[in-house]
Amino acid sequence: MIADTFLLLTLRLQVEWNTFRSRKLIRQILIVVLFLAVGAVMISFASGFGYGAGAILRRFPRLQLEPLMPGLILGIVTLLSLASSFGVALSALFLSNDLELLMSAPVNRRAVFMSKILDGMMGYYVLVMATAMPALFTYGLGLRYGLLYYLLAFVAVLATPLLPAGLGALLVMVVARFAPARRVREVMGLAAALFGVTCSLISNLSRSWSRLAFLGDQFNLEALLTLTRSLINLPIPPLMAGRGLAAAGVGEIGSAFANMAGFLLLTFGLFAAIVWLADTLYASGWVRMQSSGSANRNKQRAEKAAARSGLLGSAPASFALALKDWRVIPRDLRNFAQFLAPLFLLPVIYINLLGGGGSRSFNAVAQANNFAEGRVNFSNAFAAAGVLTVTFLIFNRIASTGISMEGKSWWLLKTAPLAGRELLAGKFLAALMPFTAIGTALMIGMAIWRGFSVIGALYGWLGMMVLGSGMMAVDVGLAVPWANLTWDDPRRMSSGWGALFSFFINTILGLVAGLLLALPLIARAFLPAFEIIAWLVGPLGAIAVSSAIGGLVVQFGLSRLSSVGEA
C-alpha cells in the first residue's frame, strides 16, 4: 500500500509539473516571482512573531506560558484544516475526474484513498510550512530550546492536519454511502460554512473574554494567568503537542514523549484507522455516487414547463438570463453556504466599530468624531459602510463567477442569438438584483436601529448603490478573461488572478468614491463654507468614478468575451 501511495503521489506531482511547464514563459516567471514574494513575506512575519514571543517568555519566565504558543499555532492549523476538510475530502475522493481510471487500476484501494487525501492537502501543507513551521522554529530559538524540540516540532506540523482531514474524510464517506449524490456536496458545504461562521463569531468575542481579566477597573494579571494555564492543560491534541514541545525544549524527556505520544496516537492513529476503514466505505460510497443521477425530463414535462415559463419566456434577454441564474442557484445549497458567513459580519462590524464606549474599548467612530472635534457625527457613515461591505461580500461571488458558473452550458449561450452586452448585463443583474433587495432591507433596518434621518437614510442608500453597482460591474468584467468552464470543484470557478485584480480595483474604487461621498461630512467638520459645493461635487463625483471604473472593466471583459472557452 505504501508503495502504491508513493507512486500515485509521484504521478500527481508529475502532472502538476507538466501543467506548469506547458504555460507561457512569462506566466511561469510571474507565478514563481509571486510565489517567492508571498512566501518570503509570510515566512518573515511568522519568524518574527515566533521569535518575539519566545524572547518575551524567556524574559519573563515566571509567566510559565511556554506551552501556550506551540499549542495555539497547532490549534489554528487544526481549525483551518477542519473548516476546509469536508470540501477537500469530497472533491478529492468523489469529484475528481480521474477516479474511474484509478479505481480500475491495479493498485490498492486504500492507496487511492490515502493519495487523494494527501494530494488534496498538498497546498495546505505548503501554507503550513511557510507559516507554522517558521513560527515554531524561531519560537524555539527565542527560548533557546534544544535539538529535540525542533525534531518534534517538525513531526507535530506534519501530523496536525491529519486529524481534521481524517474526520472530514470519514464524515464524507459515511454520508456518501447513504445520501443521494447530489445532496452530499450541499450538506458538506453547508456544514463547513456553519463551522467557519461559528469559529469566526467565537474569535470576535474579544471584549467579552477580556472582561475576565478585570476586577472592576483593575487589571487582574493573576486571574488571567490562572485561566490561561488551565486552558493549556486541557486534553486537546494541539495543546498536548504544545506541552510536549515545551517539555522537549527544556530536556524533560518523559513529559515530552508522554504528551507527544498521546498527540500522535490521536492524529496518526485516527488517520490510520480511517485508511483501514476506507477499503469498504470508500468503494461503496464511490459506486453509489457514480450510479445515482438526476431524472431526465420527458417531452410532455418539457412542454408544460415551457408553458409555465411566464416572465422567463417573455422578459428581455438580459433580464431573462438573470432570472435563469436565480432559478439555477437555489438548486445547490453550496451556493447558499457561501452566502452565510458574510451575513454574520454585520453584528461583528457593529460591535467592533460602533459599539463599546469604555476606556478599554476601541471605538472607531468615537475616534473619528474626536478628530472632527464633535462637529460631525460619523456613526451613520460607518453604519452605511458596514451594510455595503456585508451585502457586497454576500453577492459578489455571483458576479465574479457568472461566466464560469455556466460550465458546459456556455456553448449554448455562445451560439444563442444573444449580444455580448446583453449577456454581461444579465450577469450583472443577477448579482445586482439580490444586492439591491437585501442591501435596501438592511439599510432600512440600520436606519431604524440607528435613528437615521430620512435624508441621511436616502443618502446612505444612494452611496451603497453607487459603490455596490460599480464593484459588481468590476467583478462581472473580470470574470470573463479568467473564466473556468471545466471546473469539477465549485471552489475552482474563481480565478486567483481575477480575484486579485478585482480586490485591487474595488479597493481603489471604494476609497476614491467613498471619500467623495464623505465630502459633505468632511466639509461640515473642517470647511463649513464649502459644504454646499461638497454636496454637489461629492455624490456626482462618486457616481462618475464608479461608472467610469465599472464601465471600463466591463468593456475590457466584453473585448475578451469571444475568446472564452476557445483553445
# chains A, B, ... in the order shown; residues from 1 in each chain; ligands from 1

call {"tool": "residues_around", "arguments": {"residues": "Gly468 in chain A", "least_positions_apart": "3", "cutoff": "8 Å", "atoms": "only C-alpha atoms", "output": "list in words"}}
result
Leu388, Phe392, Phe435, Met464, Met465, Met471 and Met472 of chain A

call {"tool": "write_last_selection", "arguments": {"atoms": "N, CA and C atoms", "output": "short mmCIF file (atom, residue, chain, number, x, y, z; two decimals), in the first residue's frame"}}
result
data_model
loop_
_atom_site.label_atom_id
_atom_site.label_comp_id
_atom_site.auth_asym_id
_atom_site.auth_seq_id
_atom_site.Cartn_x
_atom_site.Cartn_y
_atom_site.Cartn_z
N LEU A 388 -22.92 48.16 3.32
CA LEU A 388 -22.37 47.96 1.98
C LEU A 388 -21.38 46.81 1.95
N PHE A 392 -22.15 43.40 -0.12
CA PHE A 392 -21.29 43.12 -1.28
C PHE A 392 -20.59 41.79 -1.14
N PHE A 435 -28.54 42.00 -4.47
CA PHE A 435 -27.76 43.00 -3.73
C PHE A 435 -28.64 44.19 -3.36
N MET A 464 -24.55 53.33 -1.03
CA MET A 464 -24.44 51.88 -1.13
C MET A 464 -24.66 51.41 -2.56
N MET A 465 -25.67 51.95 -3.24
CA MET A 465 -25.97 51.52 -4.60
C MET A 465 -24.89 51.97 -5.57
N MET A 471 -18.69 48.11 -8.02
CA MET A 471 -17.91 46.93 -7.66
C MET A 471 -18.44 45.67 -8.33
N MET A 472 -19.76 45.54 -8.42
CA MET A 472 -20.34 44.40 -9.13
C MET A 472 -19.94 44.40 -10.59
#

call {"tool": "residues_around", "arguments": {"residues": "range 494-504 of chain A", "least_positions_apart": "2", "cutoff": "7 Å", "atoms": "only C-alpha atoms", "output": "ChimeraX atom specification"}}
result
/A:400-401,474-475,478-479,482,491-492,506-508

call {"tool": "write_last_selection", "arguments": {"atoms": "N, CA and C atoms", "output": "CSV table (one decimal), in the first residue's frame"}}
result
chain,number,residue,atom,x,y,z
A,400,SER,N,-18.6,37.5,-9.7
A,400,SER,CA,-17.2,37.0,-10.1
A,400,SER,C,-17.1,35.7,-10.7
A,401,THR,N,-18.2,34.9,-10.6
A,401,THR,CA,-18.2,33.5,-11.2
A,401,THR,C,-19.4,33.4,-12.2
A,474,VAL,N,-17.2,45.7,-11.8
A,474,VAL,CA,-15.8,45.2,-11.9
A,474,VAL,C,-15.7,43.7,-11.8
A,475,ASP,N,-16.4,43.1,-10.9
A,475,ASP,CA,-16.4,41.6,-10.8
A,475,ASP,C,-16.9,41.0,-12.0
A,478,LEU,N,-14.2,41.3,-14.8
A,478,LEU,CA,-13.0,40.5,-14.6
A,478,LEU,C,-13.3,39.0,-14.6
A,479,ALA,N,-14.6,38.6,-14.5
A,479,ALA,CA,-15.0,37.2,-14.6
A,479,ALA,C,-14.8,36.6,-16.0
A,482,TRP,N,-10.6,35.2,-17.2
A,482,TRP,CA,-10.1,34.1,-16.5
A,482,TRP,C,-11.2,33.1,-16.1
A,491,ARG,N,-15.1,25.5,-5.8
A,491,ARG,CA,-14.1,26.5,-5.4
A,491,ARG,C,-13.1,26.9,-6.5
A,492,ARG,N,-13.1,26.1,-7.6
A,492,ARG,CA,-12.2,26.4,-8.7
A,492,ARG,C,-12.9,27.2,-9.8
A,506,ASN,N,-11.4,47.2,-6.8
A,506,ASN,CA,-12.5,47.5,-6.0
A,506,ASN,C,-12.1,48.3,-4.8
A,507,THR,N,-10.9,48.0,-4.3
A,507,THR,CA,-10.3,48.8,-3.2
A,507,THR,C,-10.1,50.3,-3.6
A,508,ILE,N,-9.5,50.5,-4.8
A,508,ILE,CA,-9.3,51.8,-5.3
A,508,ILE,C,-10.7,52.5,-5.5

call {"tool": "residues_around", "arguments": {"residues": "Phe257 in chain A", "least_positions_apart": "5", "cutoff": "9 Å", "atoms": "only C-alpha atoms", "output": "ChimeraX atom specification"}}
result
/A:244,247-248,252,262

call {"tool": "residues_around", "arguments": {"residues": "Gly242 in chain A", "least_positions_apart": "5", "cutoff": "10 Å", "atoms": "only C-alpha atoms", "output": "PyMOL selection string"}}
result
chain A and resi 66-75+153+156+232-233+236-237+247-248+256+259-260+263

call {"tool": "residues_around", "arguments": {"residues": "Ala534 in chain A", "least_positions_apart": "3", "cutoff": "10 Å", "atoms": "only C-alpha atoms", "output": "number ranges by chain"}}
result
A: 516-524, 527-531, 537-541

call {"tool": "write_last_selection", "arguments": {"atoms": "N, CA and C atoms", "output": "CSV table (one decimal), in the first residue's frame"}}
result
chain,number,residue,atom,x,y,z
A,516,LEU,N,-15.3,60.7,-1.9
A,516,LEU,CA,-16.2,61.7,-2.5
A,516,LEU,C,-17.5,61.7,-1.8
A,517,LEU,N,-18.1,60.6,-1.5
A,517,LEU,CA,-19.4,60.5,-0.8
A,517,LEU,C,-19.3,61.1,0.6
A,518,ALA,N,-18.2,61.0,1.2
A,518,ALA,CA,-18.0,61.6,2.5
A,518,ALA,C,-17.6,63.1,2.5
A,519,LEU,N,-17.5,63.7,1.4
A,519,LEU,CA,-17.1,65.1,1.3
A,519,LEU,C,-18.0,66.0,2.0
A,520,PRO,N,-19.3,65.8,2.0
A,520,PRO,CA,-20.2,66.7,2.7
A,520,PRO,C,-19.9,66.7,4.2
A,521,LEU,N,-19.7,65.5,4.8
A,521,LEU,CA,-19.4,65.4,6.2
A,521,LEU,C,-18.0,66.0,6.5
A,522,ILE,N,-17.1,65.8,5.7
A,522,ILE,CA,-15.7,66.3,5.9
A,522,ILE,C,-15.8,67.9,5.8
A,523,ALA,N,-16.5,68.4,4.8
A,523,ALA,CA,-16.6,69.8,4.7
A,523,ALA,C,-17.3,70.4,5.9
A,524,ARG,N,-18.4,69.8,6.4
A,524,ARG,CA,-19.1,70.3,7.5
A,524,ARG,C,-18.2,70.4,8.7
A,527,LEU,N,-14.4,72.5,6.8
A,527,LEU,CA,-14.6,73.7,5.9
A,527,LEU,C,-16.1,74.0,5.7
A,528,PRO,N,-16.7,74.5,6.6
A,528,PRO,CA,-18.2,74.7,6.5
A,528,PRO,C,-18.6,75.6,5.4
A,529,ALA,N,-17.7,76.5,4.9
A,529,ALA,CA,-18.0,77.4,3.8
A,529,ALA,C,-18.2,76.6,2.5
A,530,PHE,N,-17.6,75.5,2.4
A,530,PHE,CA,-17.7,74.7,1.1
A,530,PHE,C,-18.7,73.5,1.2
A,531,GLU,N,-19.5,73.5,2.2
A,531,GLU,CA,-20.4,72.4,2.4
A,531,GLU,C,-21.4,72.2,1.2
A,537,VAL,N,-20.5,68.3,-5.5
A,537,VAL,CA,-19.4,67.6,-6.1
A,537,VAL,C,-19.3,66.1,-5.6
A,538,GLY,N,-19.5,65.9,-4.3
A,538,GLY,CA,-19.4,64.5,-3.7
A,538,GLY,C,-20.2,63.4,-4.4
A,539,PRO,N,-21.5,63.5,-4.4
A,539,PRO,CA,-22.3,62.4,-5.0
A,539,PRO,C,-22.1,62.3,-6.5
A,540,LEU,N,-22.0,63.5,-7.2
A,540,LEU,CA,-21.8,63.4,-8.6
A,540,LEU,C,-20.4,62.8,-9.0
A,541,GLY,N,-19.4,63.2,-8.2
A,541,GLY,CA,-18.1,62.7,-8.4
A,541,GLY,C,-18.0,61.2,-8.2

call {"tool": "closest_residue", "arguments": {"among": "A:Ile26, A:Leu136, A:Leu552, A:Leu82", "to": "Leu151 in chain A", "atoms": "only C-alpha atoms"}}
result
A:Leu136

call {"tool": "atom_distance", "arguments": {"atom1": "CA of Val250 in chain A", "atom2": "CA of Ala55 in chain A"}}
result
14.9 Å

call {"tool": "residues_around", "arguments": {"residues": "Ser81 in chain A", "least_positions_apart": "2", "cutoff": "8 Å", "atoms": "only C-alpha atoms", "output": "ChimeraX atom specification"}}
result
/A:77-79,83-85,124,161,164-165

call {"tool": "write_last_selection", "arguments": {"atoms": "N, CA and C atoms", "output": "JSON list (two decimals), in the first residue's frame"}}
result
[["chain", "number", "residue", "atom", "x", "y", "z"],
["A", 77, "VAL", "N", -3.84, 25.71, 13.04],
["A", 77, "VAL", "CA", -3.71, 24.79, 11.90],
["A", 77, "VAL", "C", -4.86, 23.77, 11.90],
["A", 78, "THR", "N", -5.20, 23.25, 13.09],
["A", 78, "THR", "CA", -6.28, 22.26, 13.18],
["A", 78, "THR", "C", -7.63, 22.86, 12.79],
["A", 79, "LEU", "N", -7.92, 24.05, 13.28],
["A", 79, "LEU", "CA", -9.21, 24.68, 12.97],
["A", 79, "LEU", "C", -9.33, 25.00, 11.49],
["A", 83, "ALA", "N", -12.08, 23.29, 9.01],
["A", 83, "ALA", "CA", -13.06, 24.10, 8.28],
["A", 83, "ALA", "C", -13.11, 23.75, 6.80],
["A", 84, "SER", "N", -11.97, 23.35, 6.23],
["A", 84, "SER", "CA", -11.93, 23.05, 4.80],
["A", 84, "SER", "C", -11.88, 21.55, 4.51],
["A", 85, "SER", "N", -11.85, 20.71, 5.57],
["A", 85, "SER", "CA", -11.64, 19.28, 5.34],
["A", 85, "SER", "C", -12.81, 18.64, 4.61],
["A", 124, "TYR", "N", -2.25, 22.92, 1.35],
["A", 124, "TYR", "CA", -2.33, 23.32, 2.75],
["A", 124, "TYR", "C", -1.01, 23.06, 3.47],
["A", 161, "PRO", "N", -2.47, 18.30, 10.54],
["A", 161, "PRO", "CA", -3.60, 18.32, 9.59],
["A", 161, "PRO", "C", -4.24, 16.95, 9.36],
["A", 164, "PRO", "N", -7.95, 16.52, 11.38],
["A", 164, "PRO", "CA", -9.15, 17.06, 10.73],
["A", 164, "PRO", "C", -9.39, 16.47, 9.35],
["A", 165, "ALA", "N", -8.32, 16.14, 8.62],
["A", 165, "ALA", "CA", -8.51, 15.53, 7.30],
["A", 165, "ALA", "C", -9.16, 14.16, 7.43]]

call {"tool": "atom_distance", "arguments": {"atom1": "CA of Arg21 in chain A", "atom2": "CA of Val88 in chain A"}}
result
25.4 Å

call {"tool": "residues_around", "arguments": {"residues": "range 140-149 of chain A", "least_positions_apart": "6", "cutoff": "6 Å", "atoms": "only C-alpha atoms", "output": "number ranges by chain"}}
result
A: 51, 54-55, 58, 245, 248-249

call {"tool": "write_last_selection", "arguments": {"atoms": "C-alpha atoms", "output": "PDB file, in the first residue's frame"}}
result
ATOM      1  CA  TYR A  51      10.985  34.727  17.881  1.00  0.00           C
ATOM      2  CA  GLY A  54       9.871  33.247  22.630  1.00  0.00           C
ATOM      3  CA  ALA A  55      12.066  36.171  23.663  1.00  0.00           C
ATOM      4  CA  ARG A  58      12.372  33.959  28.193  1.00  0.00           C
ATOM      5  CA  LEU A 245       7.251  20.507  22.689  1.00  0.00           C
ATOM      6  CA  ALA A 248      11.287  18.678  24.995  1.00  0.00           C
ATOM      7  CA  GLY A 249      12.816  22.135  24.763  1.00  0.00           C
TER       8      GLY A 249
END

call {"tool": "closest_residue", "arguments": {"among": "A:Arg23, A:Lys324, A:Lys414, A:Arg450", "to": "Asn380 in chain A", "atoms": "only C-alpha atoms"}}
result
A:Arg450
